[in-house]
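Below is one structure, written out as structure tokens; the observations come after it.
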Amino acid sequence: MANPHAPDTPHWEAAFEHYYQDRVVEAFREVRDHGVGEAGDLLRWYRVIEAEAITRRKSEALEVSPWLSLEFVPTETMGIERELAKRTLDACSEVADRLGWSHSVKTQLAVLAEETDAPWATNPYGYCVSKEPYEKICLPNYLVDDLFEFSQAVAHEYAHVISTNIADEYAPRWVEEAVSVLVERRFDAATWRRFCDDSRSWLNPADLETVLVDRSDDDGTKEEIWMAYQQAGWIGRYLSSIDGDYRLGEFLRDIANEAPIANLLRTLAGKDRTDAALKRVFGMTKRDLFDEAYKWILRLEEAEL
């Protein structure tokens with residue numbers, strides 16, 4: 001979840017300072033008592049902060065490993081918090097192994113309070129946000145009722161933790177979602193058929209990024225957003241088919257490459273970070289990638305989904 005552009009009001013500035021230190025109760029106090037009236041356009045962020053604050057007031061924390069902790073509401077997890085912790089650790093470890101990641105940043109997974117599973121929830125499937133002193137993953141409470149779905153959601157969001165940190169926040173959103181949807185293993189046959197039947201539904205890089213960034217909240221239809229996530233996932237799956245998931249980790253690292261020679265070569269070639277990394281690791285440009293990934297899905301059989 002991207003950082004917001006805070007309005008020029010002291011209460012929202014204070015709220016975001018608290019929020020990114022994970023002092024969510026203090027952050028909510030600022031926006032509840034002072035902030036929302038000054039910046040109604042940030043109602044979405046009001047709801048995010050509110051949900052985390054409600055959870056924090058009721059929750060306990062369990063240290064799962066030196067790098068992973070679980071925040072949960074004991075009266076709502078009904079004694080399965082250690083099973084949730086195990087599944088979280090297993091899912092995170094599998095994704096890390098696939099991408100060549102060493103769990104080098106602290107991560108907290110919060111199962112949000114049940115009362116925040118509401119129609120006004122702004123991130124109904126979960127989200128990841130960079131905070132201090134850890135990366136924080138927040139998942140809706142309803143996932144506790146289906147542990148397979150819970151594990152898939154953990155994998156998706158922990159892939160964001162990895163992508164953000166490996167690529168040093170330089171990766172475009174479509175690249176991050178390509179990795180996250182790939183590891184989540186959620187590929188929809190109906191969407192695949194629609195891509196195959198109508199090439200116009202397969203977006204170019206700029207349009208895909210626009211849908212994922214600008215329309216992922218309230219500005220786009222659910223179908224449009226789902227199609228965008230699925231397209232990103234198919235692109236990730238195509239790249240994985242070339243030489244395995246580990247090369248995706250290499251690709252993310254190359255996006256963040258700050259070596260002087262790398263910067264010089266990018267400048268001389270007139271390429272952005274993503275194009276330069278794609279060329280070095282996979283031998284193609286963004287346009288090549290999107291074209292080849294589309295041709296690849298056309299060759300698939302439904303049984304291969």
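Going by the structure tokens order, chains are called A, B, ..., each with residues numbered from 1, while ligands are numbered from 1 in the order shown.
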Mind running segment 100-210 of chain A against segment 279-290 of chain A at 10 Å and telling me each contacting residue's nearest atom pair with the distance in Å (one decimal), counting only C-alpha atoms, chain and number ascending, as a tab-separated table?
residue	atom	partner	partner_atom	distance
A:Trp202	CA	A:Phe290	CA	8.6
A:Leu203	CA	A:Phe290	CA	8.4
A:Asn204	CA	A:Phe290	CA	7.0
A:Pro205	CA	A:Lys286	CA	6.9
A:Ala206	CA	A:Lys286	CA	9.9
Emit the selected residues as a short mmCIF file (atom, residue, chain, number, x, y, z; two decimals), in the first residue's frame, including N, CA, C and O atoms.
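Once everything was written out, this is result_2.cif:
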data_model
loop_
_atom_site.label_atom_id
_atom_site.label_comp_id
_atom_site.auth_asym_id
_atom_site.auth_seq_id
_atom_site.Cartn_x
_atom_site.Cartn_y
_atom_site.Cartn_z
N TRP A 202 -5.89 -7.26 -22.85
CA TRP A 202 -4.50 -7.39 -22.37
C TRP A 202 -3.86 -6.00 -22.47
O TRP A 202 -3.59 -5.50 -23.55
N LEU A 203 -3.60 -5.38 -21.31
CA LEU A 203 -3.16 -3.99 -21.27
C LEU A 203 -1.68 -3.85 -21.55
O LEU A 203 -0.88 -4.77 -21.29
N ASN A 204 -1.27 -2.67 -22.05
CA ASN A 204 0.15 -2.37 -22.20
C ASN A 204 0.72 -1.98 -20.83
O ASN A 204 -0.05 -1.77 -19.87
N PRO A 205 2.04 -1.88 -20.68
CA PRO A 205 2.62 -1.62 -19.36
C PRO A 205 2.09 -0.36 -18.68
O PRO A 205 1.78 -0.38 -17.48
N ALA A 206 1.96 0.73 -19.42
CA ALA A 206 1.51 1.98 -18.81
C ALA A 206 0.07 1.87 -18.33
O ALA A 206 -0.27 2.32 -17.22
#
Tyr158 of chain A surroundings by only C-alpha atoms, 8 Å radius, close-in-sequence under 3 positions cut, as a CSV table (one decimal) with N, CA, C and O atoms, in the first residue's frame:
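This is the output file out-v5.csv:
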chain,number,residue,atom,x,y,z
A,92,CYS,N,5.5,-17.7,4.5
A,92,CYS,CA,6.6,-16.8,4.3
A,92,CYS,C,7.9,-17.5,3.9
A,92,CYS,O,8.6,-17.0,3.0
A,95,VAL,N,7.8,-18.6,0.2
A,95,VAL,CA,8.0,-17.5,-0.8
A,95,VAL,C,9.5,-17.1,-0.7
A,95,VAL,O,10.1,-16.8,-1.8
A,128,CYS,N,-0.1,-4.6,2.7
A,128,CYS,CA,1.2,-4.5,3.3
A,128,CYS,C,1.7,-3.1,3.3
A,128,CYS,O,1.5,-2.4,2.3
A,137,ILE,N,1.9,-6.5,7.7
A,137,ILE,CA,0.9,-7.1,6.8
A,137,ILE,C,-0.4,-7.1,7.6
A,137,ILE,O,-0.4,-7.6,8.8
A,154,VAL,N,-1.3,-14.7,3.0
A,154,VAL,CA,0.0,-14.4,3.6
A,154,VAL,C,1.1,-14.4,2.5
A,154,VAL,O,2.0,-13.5,2.4
A,155,ALA,N,1.1,-15.4,1.6
A,155,ALA,CA,2.1,-15.5,0.6
A,155,ALA,C,2.1,-14.3,-0.3
A,155,ALA,O,3.1,-13.7,-0.7
A,161,VAL,N,6.4,-7.7,0.7
A,161,VAL,CA,7.6,-7.4,1.6
A,161,VAL,C,8.9,-7.6,0.9
A,161,VAL,O,9.8,-6.7,0.9
A,162,ILE,N,9.0,-8.7,0.3
A,162,ILE,CA,10.3,-9.1,-0.4
A,162,ILE,C,10.5,-8.2,-1.6
A,162,ILE,O,11.6,-7.6,-1.7
A,180,SER,N,3.6,-11.2,-6.6
A,180,SER,CA,2.7,-11.6,-5.5
A,180,SER,C,1.6,-12.5,-6.0
A,180,SER,O,1.2,-13.5,-5.3
Sel. of helix (DSSP H, G or I) residues, segment 74-297 of chain A, as a ChimeraX atom specification: /A:74-77,81-99,114-116,141-145,147-166,173-184,189-197,199-201,205-214,222-243,246-255,260-269,273-282,286-297
Take the selection from the previous step and output its residues with C-alpha atoms, as a compact mmCIF listing (two decimals), in the first residue's frame.
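What follows is the written file again-v2.txt:
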# COMPACT_ATOMS: atom_id res chain seq x y z
CA PRO A 74 -7.63 -13.76 21.28
CA THR A 75 -11.41 -13.80 21.61
CA GLU A 76 -11.72 -13.98 17.81
CA THR A 77 -9.00 -16.45 16.81
CA GLU A 81 -3.39 -18.53 16.89
CA ARG A 82 -0.47 -21.00 17.00
CA GLU A 83 -1.81 -22.70 13.88
CA LEU A 84 -2.07 -19.27 12.25
CA ALA A 85 1.50 -18.55 13.32
CA LYS A 86 2.73 -21.84 11.84
CA ARG A 87 0.91 -21.27 8.56
CA THR A 88 2.25 -17.73 8.40
CA LEU A 89 5.81 -18.90 8.95
CA ASP A 90 5.44 -21.73 6.43
CA ALA A 91 3.97 -19.46 3.75
CA CYS A 92 6.60 -16.76 4.26
CA SER A 93 9.42 -19.30 4.23
CA GLU A 94 8.20 -20.90 1.00
CA VAL A 95 8.01 -17.52 -0.77
CA ALA A 96 11.45 -16.54 0.55
CA ASP A 97 12.97 -19.79 -0.71
CA ARG A 98 11.43 -19.28 -4.14
CA LEU A 99 12.80 -15.75 -4.48
CA GLU A 114 -13.70 -8.95 13.23
CA GLU A 115 -15.70 -5.72 13.44
CA THR A 116 -13.46 -4.16 10.77
CA ASN A 141 -10.51 -11.48 9.98
CA TYR A 142 -12.72 -13.60 7.71
CA LEU A 143 -9.63 -15.38 6.36
CA VAL A 144 -9.29 -17.18 9.69
CA ASP A 145 -12.28 -19.29 8.66
CA LEU A 147 -6.77 -21.58 6.47
CA PHE A 148 -5.90 -22.34 2.85
CA GLU A 149 -7.13 -18.87 1.82
CA PHE A 150 -5.27 -17.44 4.81
CA SER A 151 -2.00 -19.02 3.66
CA GLN A 152 -2.51 -17.74 0.10
CA ALA A 153 -3.08 -14.21 1.38
CA VAL A 154 0.03 -14.40 3.57
CA ALA A 155 2.09 -15.52 0.57
CA HIS A 156 0.76 -12.67 -1.58
CA GLU A 157 1.49 -9.98 1.00
CA TYR A 158 4.86 -11.36 2.09
CA ALA A 159 5.91 -11.31 -1.57
CA HIS A 160 5.24 -7.56 -1.38
CA VAL A 161 7.55 -7.36 1.64
CA ILE A 162 10.26 -9.09 -0.38
CA SER A 163 9.70 -7.12 -3.60
CA THR A 164 9.66 -3.78 -1.82
CA ASN A 165 12.89 -4.49 0.01
CA ILE A 166 14.83 -6.30 -2.72
CA ARG A 173 3.34 -1.85 -9.07
CA TRP A 174 2.79 -4.28 -11.94
CA VAL A 175 6.12 -5.96 -11.19
CA GLU A 176 5.28 -6.35 -7.50
CA GLU A 177 1.86 -7.76 -8.33
CA ALA A 178 3.39 -10.08 -10.93
CA VAL A 179 5.44 -11.65 -8.14
CA SER A 180 2.66 -11.61 -5.52
CA VAL A 181 -0.06 -13.15 -7.68
CA LEU A 182 2.42 -15.75 -8.94
CA VAL A 183 3.28 -17.00 -5.45
CA GLU A 184 -0.34 -16.81 -4.33
CA ALA A 189 -9.84 -19.72 -15.84
CA ALA A 190 -12.61 -17.30 -16.82
CA THR A 191 -10.19 -14.38 -16.91
CA TRP A 192 -7.67 -16.42 -18.90
CA ARG A 193 -10.35 -17.24 -21.47
CA ARG A 194 -11.29 -13.58 -21.72
CA PHE A 195 -7.67 -12.61 -22.37
CA CYS A 196 -7.43 -15.29 -25.04
CA ASP A 197 -10.69 -14.28 -26.71
CA SER A 199 -6.54 -9.20 -27.10
CA ARG A 200 -7.81 -5.71 -26.24
CA SER A 201 -8.27 -6.83 -22.64
CA PRO A 205 2.62 -1.62 -19.36
CA ALA A 206 1.51 1.98 -18.81
CA ASP A 207 -2.20 1.13 -18.74
CA LEU A 208 -1.68 -1.85 -16.46
CA GLU A 209 0.25 0.33 -14.03
CA THR A 210 -2.51 2.94 -14.11
CA VAL A 211 -5.21 0.45 -13.21
CA LEU A 212 -3.16 -1.10 -10.41
CA VAL A 213 -2.09 2.23 -8.89
CA ASP A 214 -4.81 4.76 -9.66
CA LYS A 222 -13.95 -4.71 -9.39
CA GLU A 223 -13.81 -6.61 -12.69
CA GLU A 224 -11.27 -4.18 -14.16
CA ILE A 225 -9.07 -4.41 -11.08
CA TRP A 226 -9.33 -8.22 -10.96
CA MET A 227 -8.34 -8.42 -14.63
CA ALA A 228 -5.31 -6.20 -13.94
CA TYR A 229 -4.14 -8.36 -11.04
CA GLN A 230 -4.62 -11.49 -13.13
CA GLN A 231 -2.65 -10.02 -16.04
CA ALA A 232 0.20 -9.10 -13.70
CA GLY A 233 0.13 -12.63 -12.31
CA TRP A 234 0.30 -14.19 -15.77
CA ILE A 235 3.29 -12.01 -16.58
CA GLY A 236 4.98 -13.23 -13.40
CA ARG A 237 4.12 -16.82 -14.26
CA TYR A 238 5.58 -16.41 -17.75
CA LEU A 239 8.84 -15.03 -16.35
CA SER A 240 8.96 -17.89 -13.85
CA SER A 241 8.52 -20.37 -16.72
CA ILE A 242 11.70 -19.11 -18.39
CA ASP A 243 14.17 -20.00 -15.67
CA TYR A 246 14.90 -17.37 -8.39
CA ARG A 247 15.52 -15.31 -11.52
CA LEU A 248 12.61 -13.09 -10.49
CA GLY A 249 14.52 -12.30 -7.32
CA GLU A 250 17.56 -11.48 -9.46
CA PHE A 251 15.38 -9.23 -11.62
CA LEU A 252 14.12 -7.33 -8.56
CA ARG A 253 17.67 -6.89 -7.27
CA ASP A 254 18.79 -5.53 -10.62
CA ILE A 255 16.00 -2.93 -10.59
CA PRO A 260 27.93 3.40 -10.99
CA ILE A 261 28.33 1.28 -14.11
CA ALA A 262 24.67 0.21 -13.92
CA ASN A 263 23.51 3.82 -13.64
CA LEU A 264 25.78 4.82 -16.51
CA LEU A 265 24.57 2.04 -18.80
CA ARG A 266 20.92 2.86 -18.04
CA THR A 267 21.55 6.51 -18.86
CA LEU A 268 23.43 5.77 -22.09
CA ALA A 269 20.74 3.34 -23.24
CA ARG A 273 15.26 0.74 -14.22
CA THR A 274 12.68 -1.90 -15.12
CA ASP A 275 13.58 -2.04 -18.80
CA ALA A 276 17.29 -2.18 -18.05
CA ALA A 277 16.83 -4.99 -15.52
CA LEU A 278 14.55 -6.93 -17.86
CA LYS A 279 17.13 -6.64 -20.64
CA ARG A 280 19.98 -7.83 -18.47
CA VAL A 281 18.20 -10.67 -16.70
CA PHE A 282 15.70 -11.86 -19.33
CA LYS A 286 8.74 -4.32 -21.23
CA ARG A 287 7.03 -4.33 -24.62
CA ASP A 288 8.72 -7.63 -25.51
CA LEU A 289 7.68 -9.11 -22.17
CA PHE A 290 4.02 -8.15 -22.48
CA ASP A 291 3.88 -9.44 -26.08
CA GLU A 292 5.62 -12.72 -25.30
CA ALA A 293 3.59 -13.33 -22.13
CA TYR A 294 0.37 -12.89 -24.12
CA LYS A 295 1.53 -15.31 -26.82
CA TRP A 296 2.45 -17.76 -24.06
CA ILE A 297 -0.98 -17.78 -22.43
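Interatomic distance, atom CA of Tyr170 of chain A against atom CA of Pro124 of chain A: 25.7 Å.
Put simply, atom CA of Asp117 of chain A is 23.9 Å away from atom CA of Tyr134 of chain A.
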Atom CA of Thr107 of chain A to atom CA of Ala14 of chain A, straight-line distance in Å: 23.7 Å
All strand (DSSP E or B) residues (DSSP, backbone) inside segment 27-238 of chain A, as number ranges by chain: A: 60-65, 68-72, 107-111, 127-130, 135-139
